[in-house]
Amino acid sequence: MTKKVTMQQIADHIGVSKYVVSKALSGKGGVSEATKERVIEVASQLGYFAQNSGYVKPGKLGQEANKFPESAIKQSVLVLMPNIRFQTRESVYWGRILDGIASRLEEKDIGVVIVMEQKVEGFMHLLKPEGILGMIGVGEIASSMLLEVHRMGVPMVLVDHEDALIPTDTVYVNNYDCMYRLTKHLIGLGHRRISFIGNERYSRSFFDRWNGFRQAMEEFNLWDKQDHLTELEIMEHYDEPIQAWLHRRKKQQQLPTALVCANDSIAIDSYRAMRELGIETQSQISVTGFDNIDDSARHSPTITTVNVPKEWLGSRAVDKLLERIERPKDPLEKLMILGDLVYRQSISAVKP
């Protein structure tokens, strides 16, 4: 049997007192952010968070399979979706995931509390374990917030996000595979100068899409790390940086024949940028997106993309959370939902 990891072991590993470790893990003040992050990192490496005792309080919400008593039904699931600029309920992407969560909870006759709070202090007063069944986190969420949920022993599932320091179930679309297939399709159409647009560090999904693209390019010996626009700050629209980047490539006579965009919104912004530069969008450069938001089908030309079953991501997150409540000791899972390629007018074969 593996020995229990203690706070003293963590303290000895870092070279601080047990008192400092206790304060860092309890979320109390008096410890610098750098020290707190180091404590969390080491605690995770030593397996402290994965223990059934100690830091993680055993859940008391386990129920018989497929059966929730009246007392549980009256409780709610907390949905944490921090309003970090554009990750909002009104989003054409995140909002649809939220719709899927709400619909499935309604089917189960379970309430939902939606929280769009960025600071731990503003969030913690809402987190009362006796009042909620569990939590579903949607999109990017700070480690400090997830740590507080984990510390209180609240069952949780993350959608389109994961945290290496905090063990939890996650639900994703197969971003890597879809982008790999999409890129190979462009290569099959004769494209050789293909550029990726999108900040691969923005989210785990973007990172996986970037890697799927890169893998396909490397397989055909087409990879050139200088050919891509990945240094993008988070903003509402990307027309200007894309236009500036395309302008430089045009002057160098190195325009790509295809743009692989990290999502549909970036693809639509790319079209606006190209039109400002007088680039023939359909005949000169093919463009692909990802997510299949409604605007991708309404755009002229319609945009080739990957359909992400957004509502289903939300529904499966609810199902996984209820499974976790029923069987808290089961191994953690990363669920991969299949996305489909949607071929539309925005791509064409390279003319000989």
# chains A, B, ... in the order shown; residues from 1 in each chain; ligands from 1
call {"tool": "residues_around", "arguments": {"residues": "A:Ile101", "least_positions_apart": "4", "cutoff": "12 Å", "atoms": "only C-alpha atoms", "output": "NGL selection string"}}
result
:A and (77-81 or 89 or 94-97 or 105-108 or 110-114 or 135-138 or 157-159 or 310-321)
call {"tool": "atom_distance", "arguments": {"atom1": "atom CA of A:Arg249", "atom2": "atom CA of A:Ile194"}}
result
12.5 Å
call {"tool": "residues_around", "arguments": {"residues": "A:Ile293", "least_positions_apart": "4", "cutoff": "8 Å", "atoms": "only C-alpha atoms", "output": "list in words"}}
result
Val92, Tyr93, Asp264 and Ala297 of chain A
call {"tool": "write_last_selection", "arguments": {"atoms": "all heavy atoms", "output": "mmCIF file, in the first residue's frame"}}
result
data_model
loop_
_atom_site.group_PDB
_atom_site.id
_atom_site.type_symbol
_atom_site.label_atom_id
_atom_site.label_comp_id
_atom_site.auth_asym_id
_atom_site.auth_seq_id
_atom_site.Cartn_x
_atom_site.Cartn_y
_atom_site.Cartn_z
ATOM 1 N N VAL A 92 -21.303 32.443 -29.308
ATOM 2 C CA VAL A 92 -21.885 31.483 -30.250
ATOM 3 C C VAL A 92 -21.293 30.097 -30.051
ATOM 4 O O VAL A 92 -21.828 29.114 -30.567
ATOM 5 C CB VAL A 92 -21.659 31.944 -31.703
ATOM 6 C CG1 VAL A 92 -22.483 33.178 -32.010
ATOM 7 C CG2 VAL A 92 -20.182 32.218 -31.975
ATOM 8 N N TYR A 93 -20.204 29.989 -29.313
ATOM 9 C CA TYR A 93 -19.597 28.691 -29.017
ATOM 10 C C TYR A 93 -19.904 28.260 -27.581
ATOM 11 O O TYR A 93 -20.571 27.270 -27.336
ATOM 12 C CB TYR A 93 -18.090 28.748 -29.236
ATOM 13 C CG TYR A 93 -17.381 27.436 -28.954
ATOM 14 C CD1 TYR A 93 -17.382 26.424 -29.897
ATOM 15 C CD2 TYR A 93 -16.729 27.212 -27.748
ATOM 16 C CE1 TYR A 93 -16.746 25.213 -29.654
ATOM 17 C CE2 TYR A 93 -16.090 26.011 -27.486
ATOM 18 C CZ TYR A 93 -16.097 25.013 -28.448
ATOM 19 O OH TYR A 93 -15.472 23.818 -28.187
ATOM 20 N N ASP A 264 -13.727 29.507 -36.343
ATOM 21 C CA ASP A 264 -14.477 30.153 -37.411
ATOM 22 C C ASP A 264 -14.401 31.677 -37.343
ATOM 23 O O ASP A 264 -14.381 32.354 -38.377
ATOM 24 C CB ASP A 264 -15.948 29.729 -37.355
ATOM 25 C CG ASP A 264 -16.147 28.269 -37.687
ATOM 26 O OD1 ASP A 264 -15.305 27.702 -38.409
ATOM 27 O OD2 ASP A 264 -17.141 27.682 -37.219
ATOM 28 N N ALA A 297 -21.770 29.214 -41.793
ATOM 29 C CA ALA A 297 -22.663 28.775 -42.874
ATOM 30 C C ALA A 297 -23.300 29.961 -43.582
ATOM 31 O O ALA A 297 -23.669 29.862 -44.758
ATOM 32 C CB ALA A 297 -23.741 27.853 -42.318
#
call {"tool": "closest_residue", "arguments": {"among": "A:Leu133, A:Val287, A:Ala216, A:Met156", "to": "A:Thr302", "atoms": "only C-alpha atoms"}}
result
A:Val287
call {"tool": "closest_residue", "arguments": {"among": "A:Met179, A:Val173, A:Leu246, A:Ile285", "to": "A:Lys334", "atoms": "only C-alpha atoms"}}
result
A:Val173
call {"tool": "select_by_dssp", "arguments": {"residues": "stretch 189-283 of chain A", "states": "alpha helix (DSSP H)", "output": "VMD selection string"}}
result
chain A and resid 204 to 219 239 to 251 264 to 276 281 to 283
call {"tool": "write_last_selection", "arguments": {"atoms": "C-alpha atoms", "output": "mmCIF file, in the first residue's frame"}}
result
data_model
loop_
_atom_site.group_PDB
_atom_site.id
_atom_site.type_symbol
_atom_site.label_atom_id
_atom_site.label_comp_id
_atom_site.auth_asym_id
_atom_site.auth_seq_id
_atom_site.Cartn_x
_atom_site.Cartn_y
_atom_site.Cartn_z
ATOM 1 C CA ARG A 204 -5.858 23.464 -24.727
ATOM 2 C CA SER A 205 -8.209 23.115 -27.707
ATOM 3 C CA PHE A 206 -6.205 25.603 -29.771
ATOM 4 C CA PHE A 207 -2.990 23.829 -28.754
ATOM 5 C CA ASP A 208 -4.343 20.469 -29.904
ATOM 6 C CA ARG A 209 -5.568 21.966 -33.184
ATOM 7 C CA TRP A 210 -2.136 23.502 -33.766
ATOM 8 C CA ASN A 211 -0.437 20.156 -33.143
ATOM 9 C CA GLY A 212 -2.821 18.296 -35.456
ATOM 10 C CA PHE A 213 -2.047 20.824 -38.189
ATOM 11 C CA ARG A 214 1.681 20.585 -37.578
ATOM 12 C CA GLN A 215 1.677 16.784 -37.649
ATOM 13 C CA ALA A 216 0.004 16.706 -41.066
ATOM 14 C CA MET A 217 2.426 19.298 -42.448
ATOM 15 C CA GLU A 218 5.468 17.437 -41.125
ATOM 16 C CA GLU A 219 4.301 14.142 -42.630
ATOM 17 C CA ASP A 239 -8.679 41.861 -38.894
ATOM 18 C CA GLU A 240 -5.809 44.281 -38.297
ATOM 19 C CA PRO A 241 -3.039 41.862 -37.233
ATOM 20 C CA ILE A 242 -4.048 39.411 -39.964
ATOM 21 C CA GLN A 243 -4.073 42.194 -42.538
ATOM 22 C CA ALA A 244 -0.612 43.380 -41.466
ATOM 23 C CA TRP A 245 0.742 39.833 -41.609
ATOM 24 C CA LEU A 246 -0.768 39.161 -45.047
ATOM 25 C CA HIS A 247 0.538 42.504 -46.308
ATOM 26 C CA ARG A 248 4.092 41.501 -45.381
ATOM 27 C CA ARG A 249 3.686 38.108 -47.015
ATOM 28 C CA LYS A 250 2.259 39.716 -50.148
ATOM 29 C CA LYS A 251 5.215 42.112 -50.446
ATOM 30 C CA ASP A 264 -14.477 30.153 -37.411
ATOM 31 C CA SER A 265 -14.340 33.681 -35.990
ATOM 32 C CA ILE A 266 -10.670 33.963 -36.998
ATOM 33 C CA ALA A 267 -11.544 32.598 -40.445
ATOM 34 C CA ILE A 268 -14.206 35.288 -40.913
ATOM 35 C CA ASP A 269 -11.738 37.972 -39.762
ATOM 36 C CA SER A 270 -9.210 36.610 -42.271
ATOM 37 C CA TYR A 271 -11.686 37.168 -45.083
ATOM 38 C CA ARG A 272 -12.205 40.769 -44.045
ATOM 39 C CA ALA A 273 -8.445 41.293 -43.948
ATOM 40 C CA MET A 274 -7.966 39.788 -47.400
ATOM 41 C CA ARG A 275 -10.694 41.907 -48.930
ATOM 42 C CA GLU A 276 -9.042 45.046 -47.543
ATOM 43 C CA THR A 281 -10.561 35.278 -51.591
ATOM 44 C CA GLN A 282 -12.057 32.269 -53.354
ATOM 45 C CA SER A 283 -9.687 31.858 -56.278
#
call {"tool": "select_by_dssp", "arguments": {"residues": "stretch 162-340 of chain A", "states": "strand (DSSP E or B)", "output": "PDB file with C-alpha atoms, in the first residue's frame"}}
result
ATOM      1  CA  ASP A 169     -12.775  14.345 -15.402  1.00  0.00           C
ATOM      2  CA  THR A 170     -12.710  16.288 -18.679  1.00  0.00           C
ATOM      3  CA  VAL A 171     -14.806  16.446 -21.841  1.00  0.00           C
ATOM      4  CA  TYR A 172     -13.327  17.501 -25.195  1.00  0.00           C
ATOM      5  CA  VAL A 173     -13.916  17.287 -28.912  1.00  0.00           C
ATOM      6  CA  ILE A 194      -0.489  26.409 -45.810  1.00  0.00           C
ATOM      7  CA  SER A 195      -0.415  28.773 -42.823  1.00  0.00           C
ATOM      8  CA  PHE A 196      -2.008  28.440 -39.388  1.00  0.00           C
ATOM      9  CA  ILE A 197      -3.649  31.486 -37.797  1.00  0.00           C
ATOM     10  CA  LEU A 229       0.578  33.765 -37.391  1.00  0.00           C
ATOM     11  CA  ALA A 258      -4.518  28.179 -47.763  1.00  0.00           C
ATOM     12  CA  LEU A 259      -5.203  29.513 -44.261  1.00  0.00           C
ATOM     13  CA  VAL A 260      -6.024  27.051 -41.499  1.00  0.00           C
ATOM     14  CA  CYS A 261      -7.679  29.104 -38.758  1.00  0.00           C
ATOM     15  CA  SER A 286      -8.572  28.783 -49.432  1.00  0.00           C
ATOM     16  CA  VAL A 287      -9.706  29.248 -45.824  1.00  0.00           C
ATOM     17  CA  THR A 288     -10.850  26.804 -43.147  1.00  0.00           C
ATOM     18  CA  ASP A 291     -16.354  24.927 -34.455  1.00  0.00           C
ATOM     19  CA  THR A 304     -15.255  24.817 -44.556  1.00  0.00           C
ATOM     20  CA  THR A 305     -14.978  23.922 -40.886  1.00  0.00           C
ATOM     21  CA  VAL A 306     -15.193  21.217 -38.222  1.00  0.00           C
ATOM     22  CA  ASN A 307     -18.555  20.691 -36.602  1.00  0.00           C
ATOM     23  CA  LYS A 334     -11.023  12.195 -20.510  1.00  0.00           C
ATOM     24  CA  LEU A 335     -13.987  11.901 -22.859  1.00  0.00           C
ATOM     25  CA  MET A 336     -13.328  12.655 -26.529  1.00  0.00           C
ATOM     26  CA  ILE A 337     -16.382  13.594 -28.608  1.00  0.00           C
ATOM     27  CA  ASP A 340     -17.109  16.060 -38.297  1.00  0.00           C
TER      28      ASP A 340
END
call {"tool": "residues_around", "arguments": {"residues": "A:Arg192", "least_positions_apart": "3", "cutoff": "8 Å", "atoms": "only C-alpha atoms", "output": "list in words"}}
result
Ile187, Leu222 and Thr257 of chain A
call {"tool": "write_last_selection", "arguments": {"atoms": "N, CA and C atoms", "output": "PDB file, in the first residue's frame"}}
result
ATOM      1  N   ILE A 187      -3.939  19.424 -48.268  1.00  0.00           N
ATOM      2  CA  ILE A 187      -2.740  18.934 -48.958  1.00  0.00           C
ATOM      3  C   ILE A 187      -3.148  18.075 -50.148  1.00  0.00           C
ATOM      4  N   LEU A 222       6.258  19.610 -45.292  1.00  0.00           N
ATOM      5  CA  LEU A 222       5.821  20.965 -45.634  1.00  0.00           C
ATOM      6  C   LEU A 222       5.973  21.937 -44.471  1.00  0.00           C
ATOM      7  N   THR A 257      -1.346  29.573 -49.973  1.00  0.00           N
ATOM      8  CA  THR A 257      -2.487  29.205 -50.820  1.00  0.00           C
ATOM      9  C   THR A 257      -3.675  28.775 -49.961  1.00  0.00           C
TER      10      THR A 257
END
call {"tool": "closest_residue", "arguments": {"among": "A:Gln45, A:Ser296, A:Ser346, A:Thr168", "to": "A:Glu280", "atoms": "only C-alpha atoms"}}
result
A:Ser346
call {"tool": "closest_residue", "arguments": {"among": "A:Gly134, A:Gly278, A:Gly339, A:Pro167", "to": "A:Arg324", "atoms": "only C-alpha atoms"}}
result
A:Gly134
call {"tool": "atom_distance", "arguments": {"atom1": "atom CA of A:Leu232", "atom2": "atom CA of A:Asn263"}}
result
13.2 Å
